[in-house]
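Chemist: Right, I'll just put the structure down here and ask away after.
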Amino acid sequence: PLPTRVKIVDVGPRDGLQNEKQPVPAAVKIELVHRLQDAGLKEIEVTSYVSPKWVPQMSDNAEVMAGIRRVAGVRYSVLTPNMQGFEAALASRPDEIVVFGAASEAFSQKNINCSIAESIERFAPVVAAARAQGIAVRGAMSCTVGCPYEGDIAPEKVGYLAGLMKGVGVQRVDVADTIGVGTPRRVQAAIEATLAHYALDDVSGHFHDTYGQALANTLAALELGVWNFQSSVAGLGGCPYAKGATGNVATEDLVFMLHGMGIDTGIDLDKLIDAGQYISGFLQRPSNSRVAKAVLAK
Ligand code: HMG
Ligand code: MG
């Protein structure tokens, strides 16, 4: 049977906006986070503590984290690739930090400037320090199906990375299809490779919709019992080190599908659409959510 409830992490403020060319003021990011939590999101990926030379859009990380009105029961997460990022993030009291590796060597080099093995060496002290402070640790695994530089990625590589993540104490992992080339059976193979190291409750699906496969891949993951997913309000985004990759599946579209299947998310779709309209309005482009477009056209 399929899961009866799903937990969604909205990664819009981070994954969605990191690649945005126009400046997005901290106040707009903060308002977006507020609207997401008002819509019922219980986990929000707010920002990243990465090099401002690599990802200028996230350089207001401390300001954004400081400006958020925190709601009890909502988990606020931030990306921290190394100890420098973790130490900078600490002052902002994240509930969870995210280390991010790749199943592809080439992508690891392009994204975080080191090999997979080196990345794990960098993550180890970050994970240990976070856990010592009672901060939860998630591991994002990029390119689990395909890589913009290496092409198809075998499930064995995903299993290898998941094993390394587990070995350094990462508590849960995201199976990310960074460039959206995954199709349902291949995504299932990547998830199954991960399940050799992590319990079902600790595995989430992170699907980009570049090739329009994200909802199909979500259903494929649900069939395996996965009940944690990441998505981006209004379908914002793309990764700066994955050329041509579009945003995550729109949270609105994911919620519409899940509710239509009788799966509970705790999210108010109308308020979520409003949140999507808010950020799309600021960016002066139409939402990438098919559901938002359809609802607003009525
Ligand atoms: P590096 O150049 O190898 O780092 O970059 P370094 O340790 O040699 O330091 C070089 C400079 O960076 C120094 O500054 C450091 O202070 C600074 P300088 O002396 O030249 O002025 N630096 C930092 N500054 C701020 N925060 C830090 C930090 N670390 C070093 N944490 C590094 C390595 C990881 C920093 C760099 O490659 C980087 O920032 N990469 C960012 C990549 C990124 O954010 N990508 C997008 C997120 S991943 C993603 O979107 C995928 C995901 O959604 C899942 C999916 O869909 O696949 C998660
Ligand atoms: Mg992503």
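How things are named: the first chain in the structure tokens is A, the next is B, and so on; residues count from 1 in each chain; ligands count from 1 in the order shown.
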Run DSSP on the backbone and grab whatever in region 31-220 of chain A lands in strand (DSSP E or B); send it over as a ChimeraX atom specification.
Modeler: /A:43-48,75-79,96-102,136-142,146-147,151-152,172-177,203-208
Chemist: Export, as a CSV table (one decimal), in the first residue's frame, the selected residues with C-alpha atoms.
Modeler:
```csv
chain,number,residue,atom,x,y,z
A,43,GLU,CA,10.2,21.8,6.8
A,44,ILE,CA,11.8,24.6,4.8
A,45,GLU,CA,15.3,24.7,3.3
A,46,VAL,CA,16.1,28.3,3.9
A,47,THR,CA,19.5,29.1,2.5
A,48,SER,CA,23.1,27.8,2.2
A,75,ARG,CA,12.2,22.6,10.8
A,76,TYR,CA,14.5,25.2,9.2
A,77,SER,CA,17.5,23.7,7.3
A,78,VAL,CA,20.6,25.2,5.7
A,79,LEU,CA,23.3,23.8,3.5
A,96,GLU,CA,19.1,20.8,10.5
A,97,ILE,CA,22.1,21.1,8.3
A,98,VAL,CA,22.6,19.6,4.9
A,99,VAL,CA,25.8,18.3,3.6
A,100,PHE,CA,25.7,17.7,-0.2
A,101,GLY,CA,27.6,15.1,-2.1
A,102,ALA,CA,27.2,13.6,-5.6
A,136,ALA,CA,19.9,17.1,12.7
A,137,VAL,CA,22.0,16.1,9.7
A,138,ARG,CA,20.7,15.4,6.2
A,139,GLY,CA,22.8,14.4,3.2
A,140,ALA,CA,21.8,15.5,-0.3
A,141,MET,CA,23.0,13.0,-3.0
A,142,SER,CA,23.1,14.7,-6.4
A,146,GLY,CA,22.2,11.1,-14.5
A,147,CYS,CA,25.0,13.7,-14.5
A,151,GLY,CA,25.7,10.8,-18.4
A,152,ASP,CA,23.9,7.9,-16.9
A,172,ARG,CA,18.9,10.8,6.4
A,173,VAL,CA,19.5,11.3,2.7
A,174,ASP,CA,17.9,12.7,-0.3
A,175,VAL,CA,18.0,10.8,-3.6
A,176,ALA,CA,18.2,13.8,-5.9
A,177,ASP,CA,17.7,13.7,-9.7
A,203,VAL,CA,15.1,8.5,2.5
A,204,SER,CA,13.6,11.3,0.6
A,205,GLY,CA,13.0,12.0,-3.1
A,206,HIS,CA,14.3,15.2,-4.6
A,207,PHE,CA,13.1,15.4,-8.2
A,208,HIS,CA,13.8,18.2,-10.7
```
Chemist: Among region 207-243 of chain A, which residues carry a DSSP assignment of helix (DSSP H, G or I), reported as a compact mmCIF listing (two decimals) with N, CA and C atoms, in the first residue's frame?
Modeler:
```txt
# COMPACT_ATOMS: atom_id res chain seq x y z
N ALA A 214 9.01 14.41 -13.01
CA ALA A 214 9.09 14.44 -11.55
C ALA A 214 7.89 13.81 -10.84
N LEU A 215 6.68 14.04 -11.32
CA LEU A 215 5.52 13.45 -10.64
C LEU A 215 5.47 11.94 -10.86
N ALA A 216 5.83 11.51 -12.06
CA ALA A 216 5.89 10.06 -12.31
C ALA A 216 6.94 9.43 -11.38
N ASN A 217 8.05 10.12 -11.22
CA ASN A 217 9.09 9.60 -10.35
C ASN A 217 8.65 9.61 -8.88
N THR A 218 7.85 10.60 -8.53
CA THR A 218 7.31 10.65 -7.18
C THR A 218 6.42 9.43 -6.92
N LEU A 219 5.57 9.14 -7.87
CA LEU A 219 4.69 7.98 -7.72
C LEU A 219 5.52 6.69 -7.62
N ALA A 220 6.57 6.62 -8.41
CA ALA A 220 7.44 5.44 -8.36
C ALA A 220 8.08 5.31 -6.98
N ALA A 221 8.46 6.44 -6.39
CA ALA A 221 9.06 6.41 -5.05
C ALA A 221 8.01 6.04 -4.00
N LEU A 222 6.80 6.58 -4.16
CA LEU A 222 5.71 6.23 -3.24
C LEU A 222 5.45 4.72 -3.27
N GLU A 223 5.55 4.14 -4.45
CA GLU A 223 5.32 2.69 -4.58
C GLU A 223 6.32 1.90 -3.75
N VAL A 233 8.32 25.64 -4.24
CA VAL A 233 7.11 26.41 -4.54
C VAL A 233 7.27 27.11 -5.89
N ALA A 234 6.22 27.08 -6.68
CA ALA A 234 6.21 27.67 -8.03
C ALA A 234 7.21 26.99 -8.98
N GLY A 235 7.77 25.86 -8.54
CA GLY A 235 8.75 25.16 -9.39
C GLY A 235 10.01 25.97 -9.62
```
Chemist: List all protein, DNA and RNA residues that have at least one atom no more than 7 Å from any atom of ligand 1, counting only C-alpha atoms and all ligand atoms, and write them as JSON, numbers by chain.
Modeler: {"A": [15, 48, 49, 50, 51, 52, 54, 55, 80, 81, 82, 83, 84, 85, 86, 100, 111, 112, 113, 114, 140, 141, 142, 143, 176, 177, 178, 206, 208, 239, 240, 241]}
Chemist: Limited to N, CA and C atoms, could you put the picked residues into a file as an mmCIF file, in the first residue's frame?
Modeler:
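Once everything was written out, this is again34.cif:
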```
data_model
loop_
_atom_site.group_PDB
_atom_site.id
_atom_site.type_symbol
_atom_site.label_atom_id
_atom_site.label_comp_id
_atom_site.auth_asym_id
_atom_site.auth_seq_id
_atom_site.Cartn_x
_atom_site.Cartn_y
_atom_site.Cartn_z
ATOM 1 N N ASP A 15 17.129 25.990 -2.991
ATOM 2 C CA ASP A 15 17.357 25.403 -4.321
ATOM 3 C C ASP A 15 16.693 26.270 -5.387
ATOM 4 N N SER A 48 21.859 28.639 2.094
ATOM 5 C CA SER A 48 23.070 27.824 2.161
ATOM 6 C C SER A 48 24.248 28.679 2.587
ATOM 7 N N TYR A 49 25.140 28.044 3.351
ATOM 8 C CA TYR A 49 26.364 28.703 3.807
ATOM 9 C C TYR A 49 27.506 28.208 2.929
ATOM 10 N N VAL A 50 27.501 28.719 1.713
ATOM 11 C CA VAL A 50 28.511 28.341 0.719
ATOM 12 C C VAL A 50 29.293 29.589 0.338
ATOM 13 N N SER A 51 30.267 29.411 -0.536
ATOM 14 C CA SER A 51 31.081 30.563 -0.927
ATOM 15 C C SER A 51 30.234 31.570 -1.706
ATOM 16 N N PRO A 52 30.261 32.839 -1.302
ATOM 17 C CA PRO A 52 29.500 33.852 -2.037
ATOM 18 C C PRO A 52 30.038 34.075 -3.447
ATOM 19 N N TRP A 54 30.890 31.557 -5.323
ATOM 20 C CA TRP A 54 30.286 30.464 -6.102
ATOM 21 C C TRP A 54 28.790 30.694 -6.290
ATOM 22 N N VAL A 55 28.141 31.090 -5.227
ATOM 23 C CA VAL A 55 26.675 31.266 -5.287
ATOM 24 C C VAL A 55 26.301 32.596 -4.622
ATOM 25 N N THR A 80 25.449 23.245 4.391
ATOM 26 C CA THR A 80 26.793 23.550 4.900
ATOM 27 C C THR A 80 27.781 22.549 4.294
ATOM 28 N N PRO A 81 28.599 22.974 3.330
ATOM 29 C CA PRO A 81 29.479 22.024 2.647
ATOM 30 C C PRO A 81 30.760 21.686 3.410
ATOM 31 N N ASN A 82 31.113 22.501 4.390
ATOM 32 C CA ASN A 82 32.392 22.308 5.080
ATOM 33 C C ASN A 82 32.324 22.978 6.463
ATOM 34 N N MET A 83 33.421 22.873 7.227
ATOM 35 C CA MET A 83 33.410 23.427 8.589
ATOM 36 C C MET A 83 33.221 24.947 8.576
ATOM 37 N N GLN A 84 33.795 25.592 7.564
ATOM 38 C CA GLN A 84 33.630 27.055 7.500
ATOM 39 C C GLN A 84 32.152 27.420 7.385
ATOM 40 N N GLY A 85 31.455 26.709 6.550
ATOM 41 C CA GLY A 85 30.021 26.957 6.395
ATOM 42 C C GLY A 85 29.248 26.587 7.649
ATOM 43 N N PHE A 86 29.635 25.488 8.251
ATOM 44 C CA PHE A 86 28.930 25.054 9.461
ATOM 45 C C PHE A 86 29.108 26.079 10.579
ATOM 46 N N PHE A 100 26.159 18.109 1.175
ATOM 47 C CA PHE A 100 25.706 17.702 -0.159
ATOM 48 C C PHE A 100 26.834 17.122 -0.985
ATOM 49 N N ASN A 111 30.728 21.087 -8.539
ATOM 50 C CA ASN A 111 29.810 21.708 -7.582
ATOM 51 C C ASN A 111 30.508 22.126 -6.295
ATOM 52 N N ILE A 112 31.383 21.257 -5.787
ATOM 53 C CA ILE A 112 32.009 21.577 -4.497
ATOM 54 C C ILE A 112 33.533 21.483 -4.547
ATOM 55 N N ASN A 113 34.055 21.339 -5.783
ATOM 56 C CA ASN A 113 35.493 21.491 -5.996
ATOM 57 C C ASN A 113 36.336 20.432 -5.295
ATOM 58 N N CYS A 114 35.812 19.235 -5.175
ATOM 59 C CA CYS A 114 36.599 18.144 -4.597
ATOM 60 C C CYS A 114 36.013 16.811 -5.050
ATOM 61 N N ALA A 140 22.363 15.424 1.046
ATOM 62 C CA ALA A 140 21.790 15.452 -0.301
ATOM 63 C C ALA A 140 22.725 14.677 -1.214
ATOM 64 N N MET A 141 22.167 13.786 -1.997
ATOM 65 C CA MET A 141 22.974 13.023 -2.956
ATOM 66 C C MET A 141 22.552 13.438 -4.365
ATOM 67 N N SER A 142 23.422 14.200 -5.021
ATOM 68 C CA SER A 142 23.106 14.710 -6.357
ATOM 69 C C SER A 142 23.400 13.676 -7.427
ATOM 70 N N CYS A 143 22.801 13.883 -8.572
ATOM 71 C CA CYS A 143 23.102 13.082 -9.766
ATOM 72 C C CYS A 143 22.958 11.580 -9.506
ATOM 73 N N ALA A 176 18.555 12.612 -5.084
ATOM 74 C CA ALA A 176 18.246 13.756 -5.947
ATOM 75 C C ALA A 176 18.514 13.441 -7.411
ATOM 76 N N ASP A 177 17.525 13.778 -8.228
ATOM 77 C CA ASP A 177 17.699 13.725 -9.674
ATOM 78 C C ASP A 177 17.923 15.170 -10.120
ATOM 79 N N THR A 178 19.151 15.580 -9.979
ATOM 80 C CA THR A 178 19.559 16.969 -10.148
ATOM 81 C C THR A 178 19.159 17.570 -11.485
ATOM 82 N N HIS A 206 14.017 13.810 -4.246
ATOM 83 C CA HIS A 206 14.266 15.216 -4.618
ATOM 84 C C HIS A 206 14.338 15.244 -6.139
ATOM 85 N N HIS A 208 13.887 16.982 -9.819
ATOM 86 C CA HIS A 208 13.783 18.162 -10.688
ATOM 87 C C HIS A 208 12.943 17.765 -11.906
ATOM 88 N N CYS A 239 20.123 24.254 -10.615
ATOM 89 C CA CYS A 239 21.417 24.257 -9.932
ATOM 90 C C CYS A 239 22.427 24.998 -10.793
ATOM 91 N N PRO A 240 23.189 25.912 -10.194
ATOM 92 C CA PRO A 240 24.159 26.676 -10.989
ATOM 93 C C PRO A 240 25.226 25.801 -11.641
ATOM 94 N N TYR A 241 25.476 24.609 -11.088
ATOM 95 C CA TYR A 241 26.497 23.741 -11.667
ATOM 96 C C TYR A 241 25.898 22.590 -12.466
#
```
Chemist: So that I can see what lies close to region 249-264 of chain A, please list as a ChimeraX atom specification the residues with an atom at most 9 Å from it, counting only C-alpha atoms and leaving out residues fewer than 5 positions away in the same chain.
Modeler: /A:2-10,12,206-210,212-215,218,230-236,269-270,272-273,276,287-292
Chemist: Can those selected residues be exported to a file as a CSV table (one decimal), in the first residue's frame so that it contains N, CA and C atoms?
Modeler:
```
chain,number,residue,atom,x,y,z
A,2,LEU,N,0.3,2.3,-0.6
A,2,LEU,CA,1.1,3.6,-0.6
A,2,LEU,C,1.0,4.2,0.8
A,3,PRO,N,2.0,5.1,1.1
A,3,PRO,CA,1.9,5.8,2.3
A,3,PRO,C,0.7,6.6,2.4
A,4,THR,N,0.2,6.9,3.6
A,4,THR,CA,-1.1,7.6,3.8
A,4,THR,C,-0.8,9.1,4.1
A,5,ARG,N,0.5,9.4,4.4
A,5,ARG,CA,0.8,10.8,4.6
A,5,ARG,C,2.2,11.0,4.1
A,6,VAL,N,2.5,12.2,3.7
A,6,VAL,CA,3.8,12.6,3.1
A,6,VAL,C,4.3,13.9,3.7
A,7,LYS,N,5.5,13.9,4.0
A,7,LYS,CA,6.1,15.1,4.5
A,7,LYS,C,7.0,15.8,3.4
A,8,ILE,N,6.7,17.1,3.2
A,8,ILE,CA,7.4,17.8,2.1
A,8,ILE,C,8.4,18.8,2.7
A,9,VAL,N,9.6,18.8,2.2
A,9,VAL,CA,10.5,19.9,2.5
A,9,VAL,C,10.4,20.9,1.3
A,10,ASP,N,10.0,22.1,1.6
A,10,ASP,CA,10.0,23.1,0.5
A,10,ASP,C,11.4,23.7,0.4
A,12,GLY,N,12.4,25.8,-2.0
A,12,GLY,CA,12.3,26.9,-2.9
A,12,GLY,C,13.2,28.1,-2.5
A,206,HIS,N,14.0,13.8,-4.2
A,206,HIS,CA,14.3,15.2,-4.6
A,206,HIS,C,14.3,15.2,-6.1
A,207,PHE,N,13.2,15.6,-6.8
A,207,PHE,CA,13.1,15.4,-8.2
A,207,PHE,C,13.0,16.8,-8.9
A,208,HIS,N,13.9,17.0,-9.8
A,208,HIS,CA,13.8,18.2,-10.7
A,208,HIS,C,12.9,17.8,-11.9
A,209,ASP,N,12.2,18.7,-12.4
A,209,ASP,CA,11.2,18.4,-13.4
A,209,ASP,C,11.6,18.8,-14.9
A,210,THR,N,12.9,18.8,-15.1
A,210,THR,CA,13.4,19.3,-16.4
A,210,THR,C,12.8,18.6,-17.6
A,212,GLY,N,10.0,16.7,-17.3
A,212,GLY,CA,8.6,16.5,-17.0
A,212,GLY,C,8.3,15.1,-16.3
A,213,GLN,N,9.3,14.6,-15.7
A,213,GLN,CA,9.2,13.2,-15.1
A,213,GLN,C,9.0,13.2,-13.6
A,214,ALA,N,9.0,14.4,-13.0
A,214,ALA,CA,9.1,14.4,-11.5
A,214,ALA,C,7.9,13.8,-10.8
A,215,LEU,N,6.7,14.0,-11.3
A,215,LEU,CA,5.5,13.4,-10.6
A,215,LEU,C,5.5,11.9,-10.9
A,218,THR,N,7.9,10.6,-8.5
A,218,THR,CA,7.3,10.7,-7.2
A,218,THR,C,6.4,9.4,-6.9
A,230,GLN,N,11.0,16.4,-1.5
A,230,GLN,CA,11.4,17.8,-1.6
A,230,GLN,C,10.9,18.4,-2.9
A,231,SER,N,10.5,19.6,-2.8
A,231,SER,CA,9.9,20.3,-3.9
A,231,SER,C,10.1,21.8,-3.7
A,232,SER,N,9.7,22.6,-4.7
A,232,SER,CA,10.0,24.0,-4.7
A,232,SER,C,8.7,24.7,-5.1
A,233,VAL,N,8.3,25.6,-4.2
A,233,VAL,CA,7.1,26.4,-4.5
A,233,VAL,C,7.3,27.1,-5.9
A,234,ALA,N,6.2,27.1,-6.7
A,234,ALA,CA,6.2,27.7,-8.0
A,234,ALA,C,7.2,27.0,-9.0
A,235,GLY,N,7.8,25.9,-8.5
A,235,GLY,CA,8.8,25.2,-9.4
A,235,GLY,C,10.0,26.0,-9.6
A,236,LEU,N,10.3,26.8,-8.7
A,236,LEU,CA,11.5,27.7,-8.8
A,236,LEU,C,12.8,26.9,-9.0
A,269,LEU,N,-3.5,24.0,0.0
A,269,LEU,CA,-3.1,24.3,-1.3
A,269,LEU,C,-3.3,25.7,-1.8
A,270,ASP,N,-4.4,26.3,-1.3
A,270,ASP,CA,-4.7,27.7,-1.7
A,270,ASP,C,-3.7,28.7,-1.2
A,272,LEU,N,-0.7,27.9,-0.4
A,272,LEU,CA,0.6,27.5,-1.1
A,272,LEU,C,0.6,28.2,-2.4
A,273,ILE,N,-0.5,28.2,-3.1
A,273,ILE,CA,-0.6,28.9,-4.4
A,273,ILE,C,-0.3,30.4,-4.2
A,276,GLY,N,3.3,30.9,-3.9
A,276,GLY,CA,3.9,30.8,-5.2
A,276,GLY,C,3.7,32.1,-6.1
A,287,SER,N,4.4,31.4,-12.8
A,287,SER,CA,4.8,30.3,-12.0
A,287,SER,C,5.1,29.1,-12.9
A,288,ASN,N,6.0,28.2,-12.5
A,288,ASN,CA,6.2,27.0,-13.2
A,288,ASN,C,5.3,25.9,-12.7
A,289,SER,N,4.4,26.2,-11.8
A,289,SER,CA,3.4,25.2,-11.4
A,289,SER,C,2.2,25.1,-12.3
A,290,ARG,N,2.0,23.9,-12.9
A,290,ARG,CA,0.9,23.7,-13.7
A,290,ARG,C,-0.4,23.9,-12.9
A,291,VAL,N,-0.4,23.4,-11.7
A,291,VAL,CA,-1.6,23.5,-10.9
A,291,VAL,C,-1.9,25.0,-10.6
A,292,ALA,N,-0.9,25.7,-10.2
A,292,ALA,CA,-1.2,27.1,-9.9
A,292,ALA,C,-1.7,27.8,-11.2
```
Chemist: For Leu90 (chain A), please output as an MDAnalysis selection string all residues within 10 Å (counting only C-alpha atoms; exclusion window: fewer than 6 positions along the same chain).
Modeler: chainID A and resid 62 97 130 133 135
Chemist: Would you mind exporting the chosen residues as a PDB file, in the first residue's frame, restricted to N, CA and C atoms?
Modeler:
```
ATOM      1  N   ALA A  62      22.881  34.803   6.561  1.00  0.00           N
ATOM      2  CA  ALA A  62      22.711  35.144   7.980  1.00  0.00           C
ATOM      3  C   ALA A  62      21.531  36.099   8.177  1.00  0.00           C
ATOM      4  N   ILE A  97      21.189  20.702   9.373  1.00  0.00           N
ATOM      5  CA  ILE A  97      22.130  21.115   8.337  1.00  0.00           C
ATOM      6  C   ILE A  97      22.161  20.029   7.256  1.00  0.00           C
ATOM      7  N   ALA A 130      27.730  18.905  14.304  1.00  0.00           N
ATOM      8  CA  ALA A 130      26.284  19.162  14.329  1.00  0.00           C
ATOM      9  C   ALA A 130      25.607  18.226  15.316  1.00  0.00           C
ATOM     10  N   GLN A 133      25.919  19.003  18.853  1.00  0.00           N
ATOM     11  CA  GLN A 133      25.106  20.151  19.276  1.00  0.00           C
ATOM     12  C   GLN A 133      23.614  19.875  19.170  1.00  0.00           C
ATOM     13  N   ILE A 135      21.987  19.138  16.461  1.00  0.00           N
ATOM     14  CA  ILE A 135      21.424  19.591  15.180  1.00  0.00           C
ATOM     15  C   ILE A 135      21.310  18.374  14.256  1.00  0.00           C
TER      16      ILE A 135
END
```
